[in-house]
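Okay, structure_20.pdb is below, PDB, C-alpha atoms:
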ATOM      1  CA  MET A   1      13.100 -25.903  11.323
ATOM      2  CA  GLN A   2      15.672 -24.547   8.904
ATOM      3  CA  THR A   3      16.440 -20.846   8.583
ATOM      4  CA  PHE A   4      18.580 -19.002   6.065
ATOM      5  CA  ASP A   5      19.238 -15.490   7.357
ATOM      6  CA  GLY A   6      20.613 -12.433   5.566
ATOM      7  CA  ILE A   7      20.071 -13.880   2.099
ATOM      8  CA  ILE A   8      18.737 -10.692   0.457
ATOM      9  CA  SER A   9      19.335  -7.016   1.164
ATOM     10  CA  ASP A  10      17.784  -4.187  -0.855
ATOM     11  CA  ARG A  11      17.452  -0.486   0.016
ATOM     12  CA  GLY A  12      17.768  -1.227   3.709
ATOM     13  CA  SER A  13      15.281  -4.110   3.789
ATOM     14  CA  LYS A  14      16.678  -7.471   4.790
ATOM     15  CA  TYR A  15      15.217 -10.916   4.176
ATOM     16  CA  ALA A  16      15.416 -14.385   5.668
ATOM     17  CA  VAL A  17      13.559 -17.582   4.850
ATOM     18  CA  SER A  18      12.576 -20.452   7.139
ATOM     19  CA  GLY A  19      10.662 -23.662   6.736
ATOM     20  CA  GLY A  20       9.857 -27.076   8.040
ATOM     21  CA  ALA A  21       7.328 -29.855   8.284
ATOM     22  CA  CYS A  22       3.821 -28.558   8.908
ATOM     23  CA  ALA A  23       0.446 -30.149   8.178
ATOM     24  CA  SER A  24      -2.232 -27.749   9.458
ATOM     25  CA  ALA A  25      -3.121 -24.173  10.324
ATOM     26  CA  ASP A  26      -2.591 -24.964  14.013
ATOM     27  CA  GLU A  27       0.881 -26.350  13.303
ATOM     28  CA  ALA A  28       1.620 -23.203  11.268
ATOM     29  CA  LYS A  29       0.719 -21.034  14.280
ATOM     30  CA  ALA A  30       3.037 -23.125  16.462
ATOM     31  CA  PHE A  31       5.819 -22.875  13.856
ATOM     32  CA  LEU A  32       5.523 -19.074  13.742
ATOM     33  CA  LYS A  33       5.427 -18.864  17.526
ATOM     34  CA  SER A  34       8.639 -20.883  17.685
ATOM     35  CA  LEU A  35      10.261 -18.685  15.019
ATOM     36  CA  ARG A  36       9.308 -15.523  16.917
ATOM     37  CA  LYS A  37      10.971 -16.815  20.091
ATOM     38  CA  THR A  38      14.150 -15.509  18.500
ATOM     39  CA  LYS A  39      14.144 -11.788  19.324
ATOM     40  CA  LYS A  40      15.313 -10.839  15.830
ATOM     41  CA  PHE A  41      12.334 -12.581  14.194
ATOM     42  CA  ALA A  42       9.915 -11.210  16.779
ATOM     43  CA  LYS A  43      10.963  -7.704  15.673
ATOM     44  CA  ALA A  44      10.519  -8.413  11.942
ATOM     45  CA  THR A  45       8.139  -6.220   9.969
ATOM     46  CA  HIS A  46       6.633  -9.167   8.054
ATOM     47  CA  ASN A  47       6.593 -12.939   8.487
ATOM     48  CA  THR A  48       4.758 -13.965   5.314
ATOM     49  CA  TRP A  49       4.039 -17.651   4.859
ATOM     50  CA  GLY A  50       2.424 -20.336   2.766
ATOM     51  CA  LEU A  51       1.546 -23.981   3.341
ATOM     52  CA  LEU A  52      -0.109 -26.719   1.311
ATOM     53  CA  ALA A  53      -1.775 -28.823   4.010
ATOM     54  CA  GLY A  54      -2.461 -31.837   1.818
ATOM     55  CA  ASP A  55      -4.263 -30.106  -1.035
ATOM     56  CA  ILE A  56      -5.550 -27.221   1.085
ATOM     57  CA  PRO A  57      -3.697 -23.939   0.498
ATOM     58  CA  ILE A  58      -3.187 -21.815   3.618
ATOM     59  CA  LYS A  59      -1.343 -18.487   3.614
ATOM     60  CA  ASN A  60      -0.830 -15.277   5.512
ATOM     61  CA  ASP A  61       0.559 -12.085   3.952
ATOM     62  CA  ASP A  62       1.284 -10.449   7.342
ATOM     63  CA  GLY A  63       0.936  -7.012   5.757
ATOM     64  CA  GLU A  64       2.988  -7.862   2.639
ATOM     65  CA  SER A  65      -0.020  -7.982   0.314
ATOM     66  CA  GLY A  66       0.138 -10.803  -2.242
ATOM     67  CA  ALA A  67       3.333 -12.408  -0.916
ATOM     68  CA  GLY A  68       1.585 -15.454   0.560
ATOM     69  CA  MET A  69       0.180 -16.331  -2.865
ATOM     70  CA  VAL A  70       3.683 -16.164  -4.378
ATOM     71  CA  ILE A  71       4.866 -18.698  -1.790
ATOM     72  CA  LEU A  72       1.839 -20.964  -2.403
ATOM     73  CA  ARG A  73       2.383 -20.970  -6.179
ATOM     74  CA  MET A  74       6.003 -22.018  -5.710
ATOM     75  CA  LEU A  75       5.029 -24.783  -3.266
ATOM     76  CA  GLU A  76       2.457 -26.050  -5.788
ATOM     77  CA  ARG A  77       5.019 -26.059  -8.626
ATOM     78  CA  GLU A  78       7.450 -28.026  -6.448
ATOM     79  CA  GLY A  79       4.717 -30.396  -5.274
ATOM     80  CA  LEU A  80       5.864 -29.725  -1.700
ATOM     81  CA  ARG A  81       3.033 -30.542   0.679
ATOM     82  CA  ASP A  82       2.799 -30.436   4.465
ATOM     83  CA  HIS A  83       5.738 -28.040   4.595
ATOM     84  CA  ILE A  84       5.596 -24.367   5.593
ATOM     85  CA  ILE A  85       7.827 -21.671   4.132
ATOM     86  CA  VAL A  86       8.093 -18.324   5.912
ATOM     87  CA  VAL A  87       9.715 -15.299   4.251
ATOM     88  CA  THR A  88      10.751 -12.728   6.850
ATOM     89  CA  ARG A  89      11.354  -9.070   5.991
ATOM     90  CA  TRP A  90      12.794  -6.317   8.116
ATOM     91  CA  TYR A  91      11.620  -3.090   6.446
ATOM     92  CA  GLY A  92      14.483  -0.738   5.678
ATOM     93  CA  GLY A  93      12.567   2.527   5.270
ATOM     94  CA  LYS A  94      12.166   2.570   1.474
ATOM     95  CA  HIS A  95       9.320   1.058  -0.509
ATOM     96  CA  LEU A  96      10.465  -1.686  -2.888
ATOM     97  CA  GLY A  97       7.400  -1.731  -5.127
ATOM     98  CA  GLY A  98       7.182  -4.837  -7.312
ATOM     99  CA  ASP A  99      10.750  -5.809  -6.409
ATOM    100  CA  ARG A 100       9.418  -7.180  -3.117
ATOM    101  CA  PHE A 101       7.701 -10.021  -5.007
ATOM    102  CA  ARG A 102      10.957 -10.880  -6.762
ATOM    103  CA  HIS A 103      12.658 -10.954  -3.357
ATOM    104  CA  VAL A 104       9.973 -13.273  -1.965
ATOM    105  CA  GLN A 105      10.449 -15.574  -4.980
ATOM    106  CA  ASP A 106      14.234 -15.471  -4.610
ATOM    107  CA  ALA A 107      13.983 -16.247  -0.881
ATOM    108  CA  VAL A 108      11.680 -19.225  -1.484
ATOM    109  CA  ARG A 109      13.932 -20.468  -4.305
ATOM    110  CA  HIS A 110      16.944 -20.201  -1.960
ATOM    111  CA  TYR A 111      15.103 -22.285   0.626
ATOM    112  CA  LEU A 112      13.993 -24.913  -1.875
ATOM    113  CA  ASP A 113      17.490 -25.224  -3.358
ATOM    114  CA  ASN A 114      19.313 -25.399  -0.009
ATOM    115  CA  ARG A 115      16.997 -27.162   2.438
ATOM    116  CA  ILE A 116      17.889 -30.478   3.931
ATOM    117  CA  ALA A 117      15.008 -32.762   3.001
TER
END

How does this structure look as structure tokens?
Amino acid sequence: MQTFDGIISDRGSKYAVSGGACASADEAKAFLKSLRKTKKFAKATHNTWGLLAGDIPIKNDDGESGAGMVILRMLEREGLRDHIIVVTRWYGGKHLGGDRFRHVQDAVRHYLDNRIA
């Protein structure tokens, strides 16, 4: 598991991105459980994620409507399969509107550009 913390901050909301090898919905649940063992991530407002398990898209918006699809699209473009990406947001008290999708994209891009393959 790789995590990049504190990569984006906007109007009080803070973002992190994590990822790692993952090949099924069950492995995704285990990955999220492991991530949430860290108290900071357990207290996050949203842990949105996407995974291409082979050719099967699996996602969870975790209350951040539409964010899982953004992650899936980016995974598809990269051709990255059997790898989960989780974008974590700690809500800062102000709605971000459409900017939240840009932040999800930026977080995923940061992960893709900086991960150790």

Picked residues, the PyMOL selection byres ((chain A and resi 59-67) around 9), expected as an MDAnalysis selection string: chainID A and resid 25 45:52 57:58 68:72 87 100:101 104:105

Padding 6 Å on every side, please: axis-aligned box over the listed atoms of region 41-58 of chain A, centre and edge lengths to one decimal in Å, as lines of an AutoDock Vina configuration file.
center_x = 3.4
center_y = -19.0
center_z = 7.9
size_x = 29.9
size_y = 37.6
size_z = 29.8

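With all atoms listed in the file as the atoms that count, the residue of A:Ala21, A:Glu78, A:Lys29, A:Phe41 with the shortest distance to Asp113 (chain A) is A:Glu78.
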
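Residues matched by the PyMOL selection byres ((chain A and resi 55) around 12) in this structure: A:Ala23, A:Ser24, A:Leu51, A:Leu52, A:Ala53, A:Gly54, A:Ile56, A:Pro57, A:Ile58, A:Leu72, A:Leu75, A:Glu76, A:Gly79, A:Leu80, A:Arg81, A:Asp82, A:His83.
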
Counting only C-alpha atoms, the option among A:Arg77, A:Lys94, A:Lys43, A:Arg89 closest to Ala107 (chain A): A:Arg89

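Interatomic distance, CA of Ile8 (chain A) to CA of Met74 (chain A): 18.1 Å.
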
Point-to-point distance in Å for CA of Arg36 (chain A) and CA of Gln2 (chain A): 13.6 Å

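CA of Arg11 (chain A) to CA of Thr88 (chain A) spans 15.5 Å [interatomic distance, one decimal].
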
Selection result for the PyMOL selection byres ((chain A and resi 91) around 8) on this file, as a PyMOL selection string: chain A and resi 12-14+44-45+89-90+92-94

Could those selected residues go to a file with C-alpha atoms, as a short mmCIF file (atom, residue, chain, number, x, y, z; two decimals), keeping the file's coordinate frame?
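Now in selection_20.cif:
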data_model
loop_
_atom_site.label_atom_id
_atom_site.label_comp_id
_atom_site.auth_asym_id
_atom_site.auth_seq_id
_atom_site.Cartn_x
_atom_site.Cartn_y
_atom_site.Cartn_z
CA GLY A 12 17.77 -1.23 3.71
CA SER A 13 15.28 -4.11 3.79
CA LYS A 14 16.68 -7.47 4.79
CA ALA A 44 10.52 -8.41 11.94
CA THR A 45 8.14 -6.22 9.97
CA ARG A 89 11.35 -9.07 5.99
CA TRP A 90 12.79 -6.32 8.12
CA GLY A 92 14.48 -0.74 5.68
CA GLY A 93 12.57 2.53 5.27
CA LYS A 94 12.17 2.57 1.47
#

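If all atoms listed in the file are the atoms counted, then among A:Ala117, A:Asp26, A:Lys40, A:Arg102 the closest residue to Asp5 (chain A) is A:Lys40.
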
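When only C-alpha atoms are used to compute distances to Asp106 (chain A), the closest of the residues A:Ser34, A:Ser9, A:Ile84, A:Cys22 turns out to be A:Ser9.
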
Reconstruct N, CA, C and O atoms of region 86-104 of chain A; output as an mmCIF file, in the frame of the given file.
data_model
loop_
_atom_site.group_PDB
_atom_site.id
_atom_site.type_symbol
_atom_site.label_atom_id
_atom_site.label_comp_id
_atom_site.auth_asym_id
_atom_site.auth_seq_id
_atom_site.Cartn_x
_atom_site.Cartn_y
_atom_site.Cartn_z
ATOM 1 N N VAL A 86 8.310 -19.659 5.373
ATOM 2 C CA VAL A 86 8.093 -18.324 5.912
ATOM 3 C C VAL A 86 9.178 -17.400 5.365
ATOM 4 O O VAL A 86 10.370 -17.679 5.521
ATOM 5 N N VAL A 87 8.762 -16.323 4.707
ATOM 6 C CA VAL A 87 9.715 -15.299 4.251
ATOM 7 C C VAL A 87 9.595 -14.118 5.213
ATOM 8 O O VAL A 87 8.525 -13.546 5.384
ATOM 9 N N THR A 88 10.705 -13.797 5.855
ATOM 10 C CA THR A 88 10.751 -12.728 6.850
ATOM 11 C C THR A 88 11.410 -11.500 6.236
ATOM 12 O O THR A 88 12.436 -11.613 5.577
ATOM 13 N N ARG A 89 10.790 -10.331 6.482
ATOM 14 C CA ARG A 89 11.354 -9.070 5.991
ATOM 15 C C ARG A 89 11.440 -8.073 7.139
ATOM 16 O O ARG A 89 10.497 -7.910 7.908
ATOM 17 N N TRP A 90 12.601 -7.453 7.222
ATOM 18 C CA TRP A 90 12.794 -6.317 8.116
ATOM 19 C C TRP A 90 12.812 -5.097 7.207
ATOM 20 O O TRP A 90 13.722 -4.930 6.389
ATOM 21 N N TYR A 91 11.782 -4.261 7.314
ATOM 22 C CA TYR A 91 11.620 -3.090 6.446
ATOM 23 C C TYR A 91 12.748 -2.095 6.691
ATOM 24 O O TYR A 91 13.068 -1.761 7.828
ATOM 25 N N GLY A 92 13.325 -1.626 5.588
ATOM 26 C CA GLY A 92 14.483 -0.738 5.678
ATOM 27 C C GLY A 92 14.191 0.737 5.487
ATOM 28 O O GLY A 92 15.113 1.549 5.423
ATOM 29 N N GLY A 93 12.901 1.114 5.363
ATOM 30 C CA GLY A 93 12.567 2.527 5.270
ATOM 31 C C GLY A 93 12.239 3.011 3.871
ATOM 32 O O GLY A 93 11.766 4.132 3.696
ATOM 33 N N LYS A 94 12.486 2.181 2.852
ATOM 34 C CA LYS A 94 12.166 2.570 1.474
ATOM 35 C C LYS A 94 11.271 1.507 0.846
ATOM 36 O O LYS A 94 11.526 0.311 0.969
ATOM 37 N N HIS A 95 10.226 1.977 0.167
ATOM 38 C CA HIS A 95 9.320 1.058 -0.509
ATOM 39 C C HIS A 95 10.052 0.380 -1.662
ATOM 40 O O HIS A 95 10.795 1.018 -2.390
ATOM 41 N N LEU A 96 9.797 -0.920 -1.838
ATOM 42 C CA LEU A 96 10.465 -1.686 -2.888
ATOM 43 C C LEU A 96 9.578 -1.913 -4.109
ATOM 44 O O LEU A 96 10.046 -2.421 -5.113
ATOM 45 N N GLY A 97 8.306 -1.541 -3.998
ATOM 46 C CA GLY A 97 7.400 -1.731 -5.127
ATOM 47 C C GLY A 97 7.323 -3.206 -5.510
ATOM 48 O O GLY A 97 7.360 -4.092 -4.663
ATOM 49 N N GLY A 98 7.275 -3.466 -6.807
ATOM 50 C CA GLY A 98 7.182 -4.837 -7.312
ATOM 51 C C GLY A 98 8.404 -5.681 -7.019
ATOM 52 O O GLY A 98 8.330 -6.913 -7.071
ATOM 53 N N ASP A 99 9.539 -5.045 -6.721
ATOM 54 C CA ASP A 99 10.750 -5.809 -6.409
ATOM 55 C C ASP A 99 10.551 -6.716 -5.200
ATOM 56 O O ASP A 99 11.213 -7.740 -5.069
ATOM 57 N N ARG A 100 9.619 -6.347 -4.312
ATOM 58 C CA ARG A 100 9.418 -7.180 -3.117
ATOM 59 C C ARG A 100 8.933 -8.568 -3.489
ATOM 60 O O ARG A 100 9.285 -9.549 -2.834
ATOM 61 N N PHE A 101 8.162 -8.699 -4.574
ATOM 62 C CA PHE A 101 7.701 -10.021 -5.007
ATOM 63 C C PHE A 101 8.863 -10.847 -5.556
ATOM 64 O O PHE A 101 8.934 -12.045 -5.328
ATOM 65 N N ARG A 102 9.759 -10.190 -6.264
ATOM 66 C CA ARG A 102 10.957 -10.880 -6.762
ATOM 67 C C ARG A 102 11.792 -11.374 -5.585
ATOM 68 O O ARG A 102 12.312 -12.489 -5.594
ATOM 69 N N HIS A 103 11.888 -10.554 -4.539
ATOM 70 C CA HIS A 103 12.658 -10.954 -3.357
ATOM 71 C C HIS A 103 12.002 -12.138 -2.640
ATOM 72 O O HIS A 103 12.703 -13.028 -2.152
ATOM 73 N N VAL A 104 10.676 -12.142 -2.574
ATOM 74 C CA VAL A 104 9.973 -13.273 -1.965
ATOM 75 C C VAL A 104 10.259 -14.535 -2.786
ATOM 76 O O VAL A 104 10.597 -15.588 -2.233
#
